[in-house]
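Shown below: model.tsv, with TSV, C-alpha atoms and all ligand atoms.
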```
chain	number	residue	atom	x	y	z
R	8	MET	CA	5.84	24.47	-13.65
R	9	ARG	CA	2.53	24.37	-11.86
R	10	ARG	CA	-0.56	23.87	-13.97
R	11	ARG	CA	-2.46	26.24	-11.69
R	12	ASP	CA	-0.25	29.09	-12.83
R	13	PHE	CA	-2.02	29.10	-16.16
R	14	LEU	CA	-5.17	27.06	-15.59
R	15	LEU	CA	-7.55	28.79	-13.24
R	16	SER	CA	-9.78	26.55	-11.20
R	17	ALA	CA	-13.46	26.86	-12.05
R	18	VAL	CA	-14.39	26.27	-8.45
R	19	GLY	CA	-11.40	27.15	-6.31
R	20	GLY	CA	-12.14	29.64	-3.61
R	21	THR	CA	-15.77	30.13	-4.63
R	22	LEU	CA	-16.98	27.53	-2.21
R	23	ALA	CA	-14.62	28.46	0.58
R	24	ALA	CA	-17.14	30.47	2.51
R	25	PHE	CA	-19.88	27.88	1.91
R	26	GLY	CA	-21.41	30.57	-0.26
R	27	SER	CA	-23.25	30.13	-3.52
R	28	PHE	CA	-22.11	27.09	-5.45
R	29	ASP	CA	-25.18	25.47	-6.94
R	30	ASP	CA	-24.35	23.20	-9.84
R	31	ILE	CA	-20.76	24.29	-10.20
R	32	LEU	CA	-20.02	20.61	-9.84
R	33	PRO	CA	-20.21	18.03	-11.30
R	34	LEU	CA	-17.87	19.26	-13.96
R	35	ASN	CA	-18.25	18.52	-17.63
R	36	ALA	CA	-16.15	16.43	-19.97
R	37	ALA	CA	-14.02	19.44	-20.95
R	38	GLY	CA	-12.90	19.75	-17.34
R	39	ARG	CA	-11.77	16.16	-17.48
R	40	ALA	CA	-9.63	16.73	-20.56
R	41	GLU	CA	-7.95	19.78	-19.04
R	42	ALA	CA	-7.28	18.35	-15.65
R	43	GLY	CA	-5.11	15.31	-16.24
R	44	ASP	CA	-2.25	14.41	-18.55
R	45	ALA	CA	-3.06	10.76	-18.08
R	46	GLU	CA	-5.47	8.76	-16.02
R	47	ILE	CA	-4.18	7.93	-12.60
R	48	PRO	CA	-5.14	4.43	-11.40
R	49	TYR	CA	-8.02	4.61	-8.93
R	50	GLY	CA	-8.49	2.25	-6.04
R	51	ALA	CA	-10.25	1.93	-2.70
R	52	ALA	CA	-9.75	0.43	0.72
R	53	VAL	CA	-11.82	-2.72	1.18
R	54	LYS	CA	-13.38	-4.54	4.10
R	55	THR	CA	-12.56	-8.23	3.80
R	56	GLU	CA	-15.82	-9.43	5.30
R	57	LEU	CA	-17.86	-7.73	2.54
R	58	LEU	CA	-15.99	-9.12	-0.47
R	59	ASP	CA	-18.29	-11.44	-2.44
R	60	VAL	CA	-20.79	-11.20	0.46
R	61	ASP	CA	-22.36	-7.78	-0.09
R	62	VAL	CA	-23.13	-7.96	-3.79
R	63	GLN	CA	-23.63	-4.25	-4.45
R	64	TYR	CA	-20.45	-3.41	-2.57
R	65	THR	CA	-18.46	-6.04	-4.44
R	66	ASP	CA	-19.84	-4.91	-7.79
R	67	ALA	CA	-18.83	-1.32	-7.08
R	68	ILE	CA	-15.28	-2.34	-6.20
R	69	LYS	CA	-15.03	-4.49	-9.33
R	70	ARG	CA	-16.50	-1.82	-11.56
R	71	TYR	CA	-14.45	1.16	-10.44
R	72	CYS	CA	-11.17	-0.04	-8.90
R	73	ARG	CA	-7.88	-0.98	-10.47
R	74	MET	CA	-6.35	-1.32	-7.05
R	75	ILE	CA	-7.41	-2.28	-3.56
R	76	VAL	CA	-5.88	-1.97	-0.12
R	77	GLY	CA	-7.12	-3.69	3.01
R	78	GLU	CA	-8.72	-1.32	5.50
R	79	GLY	CA	-7.51	-3.93	7.94
R	80	GLY	CA	-5.97	-7.38	7.69
R	81	LEU	CA	-2.28	-6.55	7.53
R	82	LYS	CA	-2.25	-4.48	10.70
R	83	TRP	CA	-0.50	-6.07	13.67
R	84	ALA	CA	-3.76	-6.39	15.62
R	85	ASP	CA	-5.18	-8.57	12.81
R	86	LEU	CA	-2.05	-10.40	11.76
R	87	ARG	CA	-0.34	-10.93	15.12
R	88	PRO	CA	-2.94	-11.78	17.78
R	89	GLN	CA	-0.22	-13.74	19.59
R	90	PRO	CA	3.54	-13.27	19.33
R	91	GLU	CA	4.07	-16.64	17.70
R	92	THR	CA	1.13	-16.40	15.26
R	93	PHE	CA	0.73	-14.81	11.84
R	94	ASP	CA	-2.91	-14.92	10.72
R	95	PHE	CA	-2.87	-14.23	6.99
R	96	THR	CA	-6.53	-15.08	6.42
R	97	GLN	CA	-7.75	-11.57	5.62
R	98	ALA	CA	-4.80	-10.46	3.54
R	99	ASP	CA	-4.82	-13.72	1.55
R	100	ARG	CA	-8.51	-13.22	0.84
R	101	GLN	CA	-7.98	-9.64	-0.31
R	102	LEU	CA	-5.13	-10.65	-2.58
R	103	GLU	CA	-7.14	-13.53	-4.04
R	104	PHE	CA	-9.95	-11.05	-4.78
R	105	ALA	CA	-7.54	-8.60	-6.40
R	106	ASP	CA	-5.93	-11.30	-8.54
R	107	ALA	CA	-9.29	-12.75	-9.61
R	108	ASN	CA	-10.44	-9.32	-10.77
R	109	GLY	CA	-7.29	-8.02	-12.44
R	110	MET	CA	-6.47	-5.52	-9.72
R	111	THR	CA	-3.29	-4.87	-7.81
R	112	MET	CA	-3.17	-4.70	-4.04
R	113	ARG	CA	-1.31	-2.24	-1.82
R	114	GLY	CA	0.01	-3.43	1.54
R	115	HIS	CA	-1.15	-1.39	4.57
R	116	THR	CA	0.79	-1.34	6.83
R	117	LEU	CA	3.97	-2.87	8.28
R	118	VAL	CA	4.80	-0.44	11.09
R	119	TRP	CA	2.29	1.79	12.90
R	120	TYR	CA	1.72	3.03	16.42
R	121	ALA	CA	-1.96	1.96	16.41
R	122	ALA	CA	-3.95	-1.26	15.86
R	123	MET	CA	-1.35	-3.09	17.93
R	124	PRO	CA	-1.93	-6.19	20.05
R	125	ASP	CA	-1.16	-5.74	23.76
R	126	TRP	CA	1.82	-8.08	23.71
R	127	ALA	CA	3.55	-5.94	21.09
R	128	LEU	CA	2.81	-2.70	22.95
R	129	ASN	CA	4.61	-4.26	25.89
R	130	LEU	CA	7.87	-5.00	24.10
R	131	ALA	CA	10.20	-3.82	26.82
R	132	THR	CA	13.71	-3.59	25.41
R	133	PRO	CA	15.31	-2.25	22.22
R	134	LEU	CA	16.53	-5.73	21.37
R	135	ALA	CA	13.09	-7.33	21.74
R	136	ALA	CA	11.48	-4.55	19.70
R	137	GLU	CA	14.03	-4.78	16.89
R	138	LEU	CA	13.81	-8.58	16.71
R	139	GLU	CA	10.02	-8.45	16.44
R	140	LEU	CA	10.01	-5.60	13.96
R	141	VAL	CA	12.51	-7.27	11.65
R	142	ASN	CA	10.91	-10.70	11.96
R	143	HIS	CA	7.48	-9.22	11.21
R	144	ILE	CA	8.58	-7.37	8.08
R	145	GLU	CA	10.60	-10.32	6.78
R	146	THR	CA	7.80	-12.82	7.35
R	147	VAL	CA	5.11	-10.69	5.74
R	148	LEU	CA	7.19	-9.68	2.74
R	149	ASP	CA	8.49	-13.22	2.24
R	150	ARG	CA	4.90	-14.37	1.91
R	151	TYR	CA	3.78	-11.65	-0.51
R	152	ARG	CA	7.01	-11.03	-2.44
R	153	GLY	CA	6.19	-10.27	-6.07
R	154	ARG	CA	2.45	-10.26	-5.34
R	155	ILE	CA	1.90	-7.05	-3.37
R	156	PRO	CA	3.94	-4.46	-5.28
R	157	SER	CA	3.53	-1.41	-3.03
R	158	TRP	CA	3.77	-1.12	0.75
R	159	ASP	CA	3.02	1.49	3.38
R	160	VAL	CA	6.11	0.43	5.28
R	161	VAL	CA	5.86	3.11	7.97
R	162	ASN	CA	2.49	4.66	8.74
R	163	GLU	CA	2.08	8.07	10.37
R	164	PRO	CA	5.62	8.61	11.71
R	165	ILE	CA	5.32	12.37	12.22
R	166	ALA	CA	4.08	13.67	15.59
R	167	ASP	CA	0.63	15.28	15.61
R	168	ASP	CA	2.11	18.74	16.13
R	169	PRO	CA	5.87	18.40	15.77
R	170	SER	CA	7.99	20.87	17.68
R	171	GLY	CA	11.55	21.04	18.92
R	172	ARG	CA	12.90	17.55	19.37
R	173	ASP	CA	9.46	15.92	19.45
R	174	VAL	CA	9.12	15.41	15.75
R	175	ILE	CA	8.48	11.68	15.59
R	176	ARG	CA	5.14	10.31	16.79
R	177	PRO	CA	5.45	8.33	20.02
R	178	SER	CA	5.02	4.56	19.58
R	179	VAL	CA	6.47	1.42	21.03
R	180	TRP	CA	8.89	1.54	18.09
R	181	SER	CA	10.12	5.09	18.72
R	182	GLU	CA	10.25	4.49	22.48
R	183	GLN	CA	12.47	1.43	22.10
R	184	LEU	CA	14.45	2.27	18.96
R	185	GLY	CA	14.28	6.05	18.56
R	186	ARG	CA	13.72	7.46	15.07
R	187	GLY	CA	16.03	4.73	13.77
R	188	TYR	CA	13.04	2.40	13.65
R	189	ILE	CA	12.07	4.05	10.36
R	190	GLU	CA	15.40	3.34	8.70
R	191	THR	CA	15.48	-0.21	10.08
R	192	SER	CA	12.00	-0.89	8.72
R	193	LEU	CA	12.79	0.40	5.26
R	194	ARG	CA	16.11	-1.41	5.00
R	195	THR	CA	14.52	-4.67	6.17
R	196	ALA	CA	11.67	-4.30	3.69
R	197	ALA	CA	14.04	-3.61	0.79
R	198	GLU	CA	16.07	-6.69	1.58
R	199	ALA	CA	13.00	-8.87	1.92
R	200	ASP	CA	11.45	-7.65	-1.36
R	201	PRO	CA	13.90	-5.68	-3.50
R	202	ASN	CA	11.23	-4.91	-6.11
R	203	ALA	CA	8.57	-3.52	-3.81
R	204	GLN	CA	7.66	0.16	-3.84
R	205	LEU	CA	8.37	1.32	-0.27
R	206	ILE	CA	6.22	4.17	1.00
R	207	ILE	CA	6.02	6.37	4.08
R	208	ASN	CA	2.34	7.21	4.60
R	209	ASP	CA	0.96	10.11	6.65
R	210	PHE	CA	-1.87	12.64	6.94
R	211	ASN	CA	-2.71	16.26	7.73
R	212	PHE	CA	-0.46	18.29	5.47
R	213	GLU	CA	-3.07	20.32	3.63
R	214	LYS	CA	-4.69	22.83	5.98
R	215	PRO	CA	-3.68	26.51	6.18
R	216	THR	CA	-2.48	26.11	9.79
R	217	THR	CA	0.81	26.38	11.66
R	218	GLN	CA	0.43	22.75	12.66
R	219	CYS	CA	0.28	21.60	9.03
R	220	ARG	CA	3.23	23.84	8.12
R	221	ARG	CA	5.24	22.20	10.88
R	222	ARG	CA	4.12	18.74	9.80
R	223	ARG	CA	5.21	19.39	6.21
R	224	ALA	CA	8.60	20.69	7.34
R	225	ALA	CA	9.11	17.72	9.68
R	226	MET	CA	8.21	15.24	6.95
R	227	ILE	CA	10.53	16.84	4.40
R	228	ASP	CA	13.36	16.80	6.97
R	229	LEU	CA	12.73	13.11	7.61
R	230	LEU	CA	12.58	12.22	3.90
R	231	ARG	CA	15.74	14.21	3.18
R	232	GLU	CA	17.62	12.56	6.03
R	233	LEU	CA	16.59	9.11	4.80
R	234	LYS	CA	17.62	9.89	1.21
R	235	ASP	CA	20.92	11.42	2.34
R	236	ASN	CA	21.68	8.22	4.25
R	237	GLY	CA	20.93	6.04	1.24
R	238	VAL	CA	17.91	4.43	2.88
R	239	PRO	CA	15.67	2.61	0.36
R	240	LEU	CA	12.48	4.67	0.06
R	241	HIS	CA	10.42	5.25	-3.06
R	242	GLY	CA	7.60	7.54	-2.19
R	243	LEU	CA	5.33	9.44	0.13
R	244	GLY	CA	1.72	8.44	0.62
R	245	LEU	CA	-0.56	11.39	1.26
R	246	GLN	CA	-3.50	9.89	3.10
R	247	GLY	CA	-5.84	12.78	2.34
R	248	HIS	CA	-8.40	12.51	5.12
R	249	LEU	CA	-9.54	16.04	4.35
R	250	THR	CA	-11.42	18.22	6.80
R	251	GLY	CA	-14.51	19.48	4.98
R	252	ALA	CA	-14.78	22.63	7.08
R	253	SER	CA	-11.23	23.71	6.28
R	254	GLU	CA	-9.89	25.21	3.09
R	255	ILE	CA	-7.01	23.50	1.35
R	256	ASP	CA	-3.71	25.39	1.56
R	257	GLN	CA	-3.03	24.91	-2.13
R	258	ASP	CA	0.23	26.87	-2.23
R	259	GLY	CA	1.60	25.14	0.85
R	260	LEU	CA	0.59	21.74	-0.47
R	261	SER	CA	2.03	22.36	-3.94
R	262	ARG	CA	5.33	23.53	-2.45
R	263	PHE	CA	5.40	20.45	-0.24
R	264	VAL	CA	4.82	18.16	-3.22
R	265	GLU	CA	7.57	20.03	-5.11
R	266	ASP	CA	9.95	19.33	-2.22
R	267	VAL	CA	9.00	15.65	-2.24
R	268	ASN	CA	9.44	15.54	-6.00
R	269	GLU	CA	12.88	17.13	-5.76
R	270	LEU	CA	13.92	14.28	-3.48
R	271	GLU	CA	13.02	11.97	-6.39
R	272	LEU	CA	10.21	10.36	-4.46
R	273	ASP	CA	6.87	9.30	-5.91
R	274	VAL	CA	3.64	10.72	-4.56
R	275	LEU	CA	0.53	8.62	-3.98
R	276	VAL	CA	-2.83	9.62	-2.57
R	277	THR	CA	-3.61	6.66	-0.37
R	278	GLU	CA	-6.68	7.20	1.84
R	279	LEU	CA	-8.75	10.03	0.36
R	280	ASP	CA	-12.10	11.03	1.89
R	281	VAL	CA	-13.68	14.17	3.36
R	282	ILE	CA	-14.66	14.44	7.01
R	283	ASP	CA	-18.00	16.22	6.80
R	284	ASP	CA	-19.09	16.44	10.44
R	285	LYS	CA	-18.97	20.25	10.52
R	286	LEU	CA	-20.48	20.86	7.07
R	287	PRO	CA	-24.10	21.96	6.49
R	288	GLY	CA	-26.66	19.17	6.71
R	289	ASN	CA	-28.22	19.80	3.29
R	290	VAL	CA	-27.05	16.89	1.18
R	291	HIS	CA	-26.61	18.76	-2.08
R	292	VAL	CA	-24.69	21.56	-0.43
R	293	ARG	CA	-22.59	19.11	1.54
R	294	ASP	CA	-21.73	16.98	-1.48
R	295	GLN	CA	-20.66	20.06	-3.45
R	296	ILE	CA	-18.32	21.21	-0.68
R	297	VAL	CA	-16.90	17.70	-0.25
R	298	ALA	CA	-16.23	17.54	-4.00
R	299	SER	CA	-14.67	21.00	-4.11
R	300	ARG	CA	-12.25	20.19	-1.29
R	301	VAL	CA	-11.02	17.14	-3.18
R	302	LYS	CA	-10.75	19.15	-6.38
R	303	ASP	CA	-8.65	21.80	-4.62
R	304	TYR	CA	-6.52	19.09	-3.04
R	305	LEU	CA	-5.90	17.15	-6.25
R	306	ASP	CA	-5.34	20.34	-8.27
R	307	ALA	CA	-2.61	21.42	-5.86
R	308	ILE	CA	-0.90	18.03	-6.16
R	309	THR	CA	-1.33	17.48	-9.91
R	310	ASP	CA	-0.07	21.00	-10.58
R	311	VAL	CA	3.30	19.55	-9.64
R	312	VAL	CA	3.24	15.77	-10.25
R	313	GLN	CA	0.94	13.01	-11.36
R	314	PRO	CA	0.39	10.78	-8.31
R	315	LYS	CA	1.14	7.12	-9.06
R	316	ALA	CA	-2.23	6.14	-7.60
R	317	ILE	CA	-5.28	7.69	-5.98
R	318	LEU	CA	-7.21	5.54	-3.51
R	319	THR	CA	-10.21	6.51	-1.41
R	320	TRP	CA	-10.65	5.04	2.07
R	321	GLY	CA	-13.73	3.02	1.21
R	322	ILE	CA	-15.96	3.53	-1.81
R	323	SER	CA	-19.52	4.03	-0.53
R	324	ASP	CA	-20.87	6.13	2.34
R	325	ARG	CA	-22.50	2.91	3.55
R	326	TYR	CA	-19.18	1.74	4.96
R	327	THR	CA	-16.83	4.39	6.30
R	328	TRP	CA	-14.62	4.86	9.36
R	329	VAL	CA	-15.61	8.55	9.63
R	330	PRO	CA	-18.51	8.23	12.13
R	331	MET	CA	-16.26	6.31	14.54
R	332	TRP	CA	-14.51	9.63	15.26
R	333	PHE	CA	-16.51	12.32	13.47
R	334	SER	CA	-20.23	11.60	13.71
R	335	ARG	CA	-22.48	14.61	13.10
R	336	SER	CA	-24.20	16.37	15.97
R	337	ASP	CA	-27.44	16.58	13.90
R	338	GLY	CA	-27.50	12.78	13.67
R	339	LEU	CA	-27.32	12.75	9.84
R	340	PRO	CA	-25.10	10.07	8.30
R	341	ASN	CA	-21.64	11.11	7.05
R	342	ARG	CA	-21.05	11.40	3.29
R	343	PRO	CA	-17.26	11.26	2.84
R	344	LEU	CA	-16.92	8.97	-0.21
R	345	PRO	CA	-17.52	8.94	-4.00
R	346	LEU	CA	-20.68	6.76	-3.93
R	347	ASP	CA	-23.63	7.35	-1.63
R	348	ASP	CA	-25.05	4.64	0.61
R	349	LYS	CA	-27.15	3.37	-2.34
R	350	TYR	CA	-24.05	3.22	-4.54
R	351	GLN	CA	-25.06	6.24	-6.61
R	352	PRO	CA	-22.17	8.47	-7.80
R	353	LYS	CA	-21.91	11.83	-6.04
R	354	ALA	CA	-20.21	15.09	-7.05
R	355	LEU	CA	-16.99	13.72	-5.57
R	356	PHE	CA	-17.17	10.87	-8.07
R	357	SER	CA	-17.28	13.40	-10.93
R	358	VAL	CA	-14.22	15.17	-9.58
R	359	LEU	CA	-12.34	11.88	-9.34
R	360	GLN	CA	-13.26	11.21	-12.97
R	361	GLN	CA	-11.22	14.24	-13.95
R	362	TYR	CA	-8.04	12.73	-12.58
R	363	THR	CA	-8.39	8.99	-12.27
R	364	SER	CA	-9.48	5.79	-13.97
R	365	ILE	CA	-12.65	5.59	-11.82
R	401	LIG	O1	-10.61	2.70	8.65
R	401	LIG	C1	-9.85	1.97	9.60
R	401	LIG	C2	-10.72	1.50	10.72
R	401	LIG	O2	-11.71	0.61	10.23
R	401	LIG	C3	-9.87	0.82	11.80
R	401	LIG	O3	-10.67	0.52	12.90
R	401	LIG	C4	-8.73	1.74	12.22
R	401	LIG	C5	-7.80	1.06	13.20
R	401	LIG	O4	-7.20	-0.06	12.60
R	401	LIG	O5	-7.99	2.16	11.12
R	401	LIG	C6	-8.73	2.86	10.13
R	401	LIG	O6	-7.89	3.20	9.05
R	401	LIG	C7	-6.91	4.17	9.31
R	401	LIG	C8	-5.66	3.79	8.52
R	401	LIG	O7	-5.26	2.48	8.84
R	401	LIG	C9	-4.53	4.77	8.76
R	401	LIG	N1	-4.95	6.13	8.49
R	401	LIG	C10	-6.19	6.56	9.13
R	401	LIG	C11	-7.32	5.56	8.83
R	401	LIG	C12	-8.65	6.05	9.40
R	401	LIG	O8	-8.61	6.10	10.80
```

Turn this file's structure into structure tokens for me.
Ligand code: 9MR
Amino acid sequence: MRRRDFLLSAVGGTLAAFGSFDDILPLNAAGRAEAGDAEIPYGAAVKTELLDVDVQYTDAIKRYCRMIVGEGGLKWADLRPQPETFDFTQADRQLEFADANGMTMRGHTLVWYAAMPDWALNLATPLAAELELVNHIETVLDRYRGRIPSWDVVNEPIADDPSGRDVIRPSVWSEQLGRGYIETSLRTAAEADPNAQLIINDFNFEKPTTQCRRRRAAMIDLLRELKDNGVPLHGLGLQGHLTGASEIDQDGLSRFVEDVNELELDVLVTELDVIDDKLPGNVHVRDQIVASRVKDYLDAITDVVQPKAILTWGISDRYTWVPMWFSRSDGLPNRPLPLDDKYQPKALFSVLQQYTSI
């Protein structure tokens, strides 16, 4: 039963047209009590070089997070500069920080098409690719077995706009091994750390577009195939890089989460933020829209299941990936995250308080 069927959103469509929405958010304490059955652990992606260096940043992570994930560090480009080298410096530092502060750490990510060193992009045969893939997963999980409990084993496997037979995103792994690289990765991970939570992580399921409908269908097909074949897989990570200028397709998203749930897979929100390049410049207006998108998104998910974790991709607008790809044409800084660049909580923070431990 979906909560939305009997609990009408206070904000919902009101903001959709960027109309009048002054002071609808932040929501009050009553909203918090209604919205969640239990607090969902909150976490954030961290930049290794800032930990215990930028004091305000570090304090914010310590104060609000129960969980961290490295924004980098475990990606092949960081870990595998040369074929024979594993450089664990960043990931070790992140884990040490998590342990010292009573947090858990998620592992991001074992297999991705991007952030790859050249030598790995040039793996030229199926045998070479499989040997490297298996060796990589075994080596990393051997090192962190029992210490990093949850892994984005495969990141972004679905093609941007899946159609026909082109459903899997092109990568060196799919080129050499076909879609079987996903099964191989999961089976290798399960053998290397039988207790780890193994996740497939992907984005762009939430807009009211044909593309997103296709992406949801392709992901459900993939998850079903893996489950039918007895492949070890425990959940789906919804990245949640929301597009501020687009409404959330709440019905489509809820149905998708129902399908995932029926496959007995957990749901996590792994990289939440709101891309605000096309939103109005006015900061108050922008922050309200950003917050309302996240509320719509989390309502649609929590109507069906409680995610096992909700992590934002960064914590403060001071440090965010968004301007790398989505800088604003008016030159104003992006505001995608729960704290502003002075570490003050924004409307998005209040929304997260309704659902999470933040
Ligand atoms: O935020 C990350 C950025 O700092 C890196 O340069 C980039 C490439 O490694 O990856 C970004 O994080 C991405 C994540 O790993 C996967 N989902 C999309 C994220 C934002 O691009």

Query - Atomic distance atom CA of R:Gly77 - atom CA of R:Gly153, expressed in Å with one decimal - result: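 Atom-to-atom, atom CA of R:Gly77 and atom CA of R:Gly153 are spaced 17.4 Å apart.
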
Query raised in the report: R:Leu229, R:Leu359, R:Leu346, R:Ala52: which is nearest ligand LIG 401 (chain R), counting only C-alpha atoms and all ligand atoms?
Result: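 Of all the options, R:Ala52 lies closest to ligand LIG 401 (chain R).
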
Report task. Grab me every residue within 10 Å of ligand LIG 401 (chain R), counting all atoms listed in the file, and send it over as a VMD selection string. Result -> chain R and resid 52 to 54 77 to 85 115 to 116 119 121 to 123 159 162 to 163 208 to 210 245 to 248 277 to 280 320 to 321 326 to 329 331 to 332

Compile a residue-level contact table for stretch 45-99 of chain R against stretch 128-146 of chain R at a cut-off of 9 Å, reporting for every qualifying residue the shortest atom pair and its distance in Å to one decimal, with all atoms listed in the file counted, rows ordered by chain and ascending number, as a Markdown table.
```
| residue | atom | partner | partner_atom | distance |
| --- | --- | --- | --- | --- |
| R:Trp83 | CA | R:His143 | CA | 8.9 |
| R:Arg87 | CA | R:His143 | CA | 8.9 |
| R:Pro90 | CA | R:Glu139 | CA | 8.6 |
| R:Phe93 | CA | R:Thr146 | CA | 8.6 |
```

Selection above as a file: C-alpha atoms, as an mmCIF file, in the coordinates of the input:
```cif
data_model
loop_
_atom_site.group_PDB
_atom_site.id
_atom_site.type_symbol
_atom_site.label_atom_id
_atom_site.label_comp_id
_atom_site.auth_asym_id
_atom_site.auth_seq_id
_atom_site.Cartn_x
_atom_site.Cartn_y
_atom_site.Cartn_z
ATOM 1 C CA TRP R 83 -0.500 -6.070 13.670
ATOM 2 C CA ARG R 87 -0.340 -10.930 15.120
ATOM 3 C CA PRO R 90 3.540 -13.270 19.330
ATOM 4 C CA PHE R 93 0.730 -14.810 11.840
#
```

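Using only C-alpha atoms, the protein and nucleic acid residues lying no more than 10 Å from R:Arg222, apart from those fewer than 3 places from it along its own chain, are Ile165, Ala166, Asp167, Asp168, Pro169, Ser170, Val174, Asp209, Phe210, Asn211, Phe212, Glu213, Thr216, Thr217, Gln218, Cys219, Ala225, Met226, Ile227 and Asp228 of chain R.
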
Polymer residues at most 8 Å from R:Phe333, only C-alpha atoms, same-chain spacing of 3 or more positions, as a short mmCIF file (atom, residue, chain, number, x, y, z; two decimals) with C-alpha atoms, keeping the file's coordinate frame:
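Below is the file that was written, around.cif:
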```cif
data_model
loop_
_atom_site.label_atom_id
_atom_site.label_comp_id
_atom_site.auth_asym_id
_atom_site.auth_seq_id
_atom_site.Cartn_x
_atom_site.Cartn_y
_atom_site.Cartn_z
CA ILE R 282 -14.66 14.44 7.01
CA ASP R 283 -18.00 16.22 6.80
CA ASP R 284 -19.09 16.44 10.44
CA VAL R 329 -15.61 8.55 9.63
CA PRO R 330 -18.51 8.23 12.13
#
```

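If you look at atom CA of R:Tyr120 and atom CA of R:Arg186, they are 12.9 Å away from each other.
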
Only C-alpha atoms, please: stretch 76-89 of chain R from the block, as a PDB file, in the first residue's frame.
```
ATOM      1  CA  VAL R  76      31.150   6.974   0.682  1.00  0.00           C
ATOM      2  CA  GLY R  77      34.217   8.131  -1.198  1.00  0.00           C
ATOM      3  CA  GLU R  78      33.420  10.485  -4.067  1.00  0.00           C
ATOM      4  CA  GLY R  79      36.611   8.999  -5.451  1.00  0.00           C
ATOM      5  CA  GLY R  80      39.327   6.719  -4.151  1.00  0.00           C
ATOM      6  CA  LEU R  81      37.951   3.308  -5.052  1.00  0.00           C
ATOM      7  CA  LYS R  82      37.463   4.087  -8.724  1.00  0.00           C
ATOM      8  CA  TRP R  83      39.879   2.366 -11.087  1.00  0.00           C
ATOM      9  CA  ALA R  84      41.513   5.667 -12.075  1.00  0.00           C
ATOM     10  CA  ASP R  85      42.467   6.251  -8.418  1.00  0.00           C
ATOM     11  CA  LEU R  86      43.159   2.693  -7.353  1.00  0.00           C
ATOM     12  CA  ARG R  87      44.805   1.295 -10.478  1.00  0.00           C
ATOM     13  CA  PRO R  88      47.109   3.918 -12.018  1.00  0.00           C
ATOM     14  CA  GLN R  89      49.208   1.048 -13.391  1.00  0.00           C
TER      15      GLN R  89
END
```
